[in-house]
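Here is the structure we will look at, set down as structure tokens.
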Amino acid sequence: MTLNNLAILQSDQNDVESAQANYEEALQSYRDLAAENPRIYLPDVAMTLNNLAVLQSDQNNVESAQANYEEALEIRRDLATENPRTYLPDVAATLNNLANLQKAQNNVESAQANYEEALEIRRDLAAENPRTYLPDVAKTLINLSIFYLQAVPDTDRSVGMAVEVLEIFQDFQEIPIVVRYAETAVRVLQANGVDISQQP
């Protein structure tokens, strides 16, 4: 866990080589532990795979990033079949990350499917616990809104999702990341030719 946390710090400081080395050492340790006690340590394997994939994606190491996202997703899906309340949020997070990578590589069909599945999971979670999960809904909505602006032009979907982000923002104005989603939503609306003075 300390290696993983150190790697997160190093990644934030753009010390990519050190971050990758520490993620990989943490991953090997977690794999060894999971071989003996998978119920306890497989979630940590998946977490580290996801973190490493984020780093690799940022470095345009697409093949490695995709492989690690897909392995993390497979583990998290398996965990969620036994304990959906605990692990479905992680499934959605990895789906969203994988879709971002696929969109950047113009793998439009896969990106769309993964964004939509992530959104469906997050909407279901938010229906039970809106305070916790609506910011995650907003995250995938803004990604999809941009997707429908750029990758698969669909003005109605793009605008509708951007407007929904602004609606969520009304209840989460104290959360900086939601503020950023809202700012992006405004830019998406402007790009779609919407008069933002008519929006909340």
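Chains: A, B, ... in order of the structure tokens. Residues: from 1 per chain. Ligands: from 1, in order shown.
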Check your understanding: Could you pull the residues within 12 Å of Val152 in chain A, counting only C-alpha atoms, minus those fewer than 6 positions along the same chain, as JSON, numbers by chain?
Key -> {"A": [103, 106, 107, 108, 109, 111, 112, 144, 145, 146, 158]}
Same residues, N, CA, C and O atoms, saved as a compact mmCIF listing (two decimals), in the first residue's frame:
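again.txt, freshly written:
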# COMPACT_ATOMS: atom_id res chain seq x y z
N LYS A 103 -11.63 5.89 -26.46
CA LYS A 103 -12.02 7.08 -27.22
C LYS A 103 -10.79 7.75 -27.83
O LYS A 103 -10.80 8.15 -29.00
N ASN A 106 -9.73 6.16 -30.86
CA ASN A 106 -10.77 6.12 -31.88
C ASN A 106 -11.44 4.75 -31.98
O ASN A 106 -11.96 4.38 -33.04
N ASN A 107 -11.42 4.01 -30.88
CA ASN A 107 -12.16 2.75 -30.80
C ASN A 107 -13.56 3.10 -30.29
O ASN A 107 -13.91 2.89 -29.13
N VAL A 108 -14.33 3.68 -31.19
CA VAL A 108 -15.56 4.37 -30.81
C VAL A 108 -16.60 3.42 -30.24
O VAL A 108 -17.24 3.71 -29.22
N GLU A 109 -16.78 2.29 -30.87
CA GLU A 109 -17.84 1.35 -30.45
C GLU A 109 -17.59 0.84 -29.03
O GLU A 109 -18.51 0.82 -28.20
N ALA A 111 -15.65 2.24 -26.71
CA ALA A 111 -15.73 3.36 -25.78
C ALA A 111 -17.18 3.67 -25.43
O ALA A 111 -17.53 3.85 -24.26
N GLN A 112 -18.03 3.72 -26.43
CA GLN A 112 -19.44 4.02 -26.19
C GLN A 112 -20.07 2.99 -25.27
O GLN A 112 -20.77 3.33 -24.31
N LEU A 144 -19.38 11.38 -21.62
CA LEU A 144 -20.27 11.00 -22.71
C LEU A 144 -20.73 12.22 -23.50
O LEU A 144 -20.89 12.16 -24.72
N SER A 145 -20.95 13.33 -22.81
CA SER A 145 -21.37 14.54 -23.50
C SER A 145 -20.30 14.98 -24.50
O SER A 145 -20.62 15.37 -25.64
N ILE A 146 -19.05 14.89 -24.09
CA ILE A 146 -17.94 15.22 -25.00
C ILE A 146 -17.86 14.19 -26.12
O ILE A 146 -17.63 14.53 -27.30
N SER A 158 -25.59 14.95 -26.47
CA SER A 158 -24.52 15.77 -25.92
C SER A 158 -25.08 16.89 -25.05
O SER A 158 -24.64 17.10 -23.91
**Study point:** Close residues, Val194 in chain A itself excluded, 12 Å, only C-alpha atoms, min 6 positions apart in chain, as a PyMOL selection string
**Key:** chain A and resi 155-156+158-160+162-163+185-188
Using only C-alpha atoms, please write the residues we just selected to a file, as a PDB file, in the first residue's frame.
ATOM      1  CA  THR A 155     -26.389  17.017 -30.460  1.00  0.00           C
ATOM      2  CA  ASP A 156     -29.450  15.950 -28.480  1.00  0.00           C
ATOM      3  CA  SER A 158     -24.523  15.767 -25.916  1.00  0.00           C
ATOM      4  CA  VAL A 159     -26.671  18.708 -24.830  1.00  0.00           C
ATOM      5  CA  GLY A 160     -28.954  16.613 -22.641  1.00  0.00           C
ATOM      6  CA  ALA A 162     -24.322  18.502 -20.304  1.00  0.00           C
ATOM      7  CA  VAL A 163     -27.535  19.987 -18.937  1.00  0.00           C
ATOM      8  CA  ALA A 185     -20.503  21.222 -19.449  1.00  0.00           C
ATOM      9  CA  VAL A 186     -20.837  24.942 -20.190  1.00  0.00           C
ATOM     10  CA  ARG A 187     -18.110  24.685 -22.831  1.00  0.00           C
ATOM     11  CA  VAL A 188     -19.833  21.643 -24.367  1.00  0.00           C
TER      12      VAL A 188
END
Review point. Out of range 154-186 of chain A, which residues get alpha helix (DSSP H) from DSSP, as a PyMOL selection string?
Key: chain A and resi 155-169+176-186
Review point. When distances are computed from only C-alpha atoms, which of A:Ala99, A:Ala21, A:Ile175, A:Ala127 shows the smallest separation from Phe147 in chain A?
Key: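 So, comparing all the options, the nearest one is A:Ala99.
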**Study point:** Top pick for closest residue to Ala80 in chain A, considering A:Glu183, A:Leu33, A:Met1, A:Ile121 and counting only C-alpha atoms
**Key:**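 Checking each candidate against Ala80 in chain A, we get A:Ile121 as the closest.
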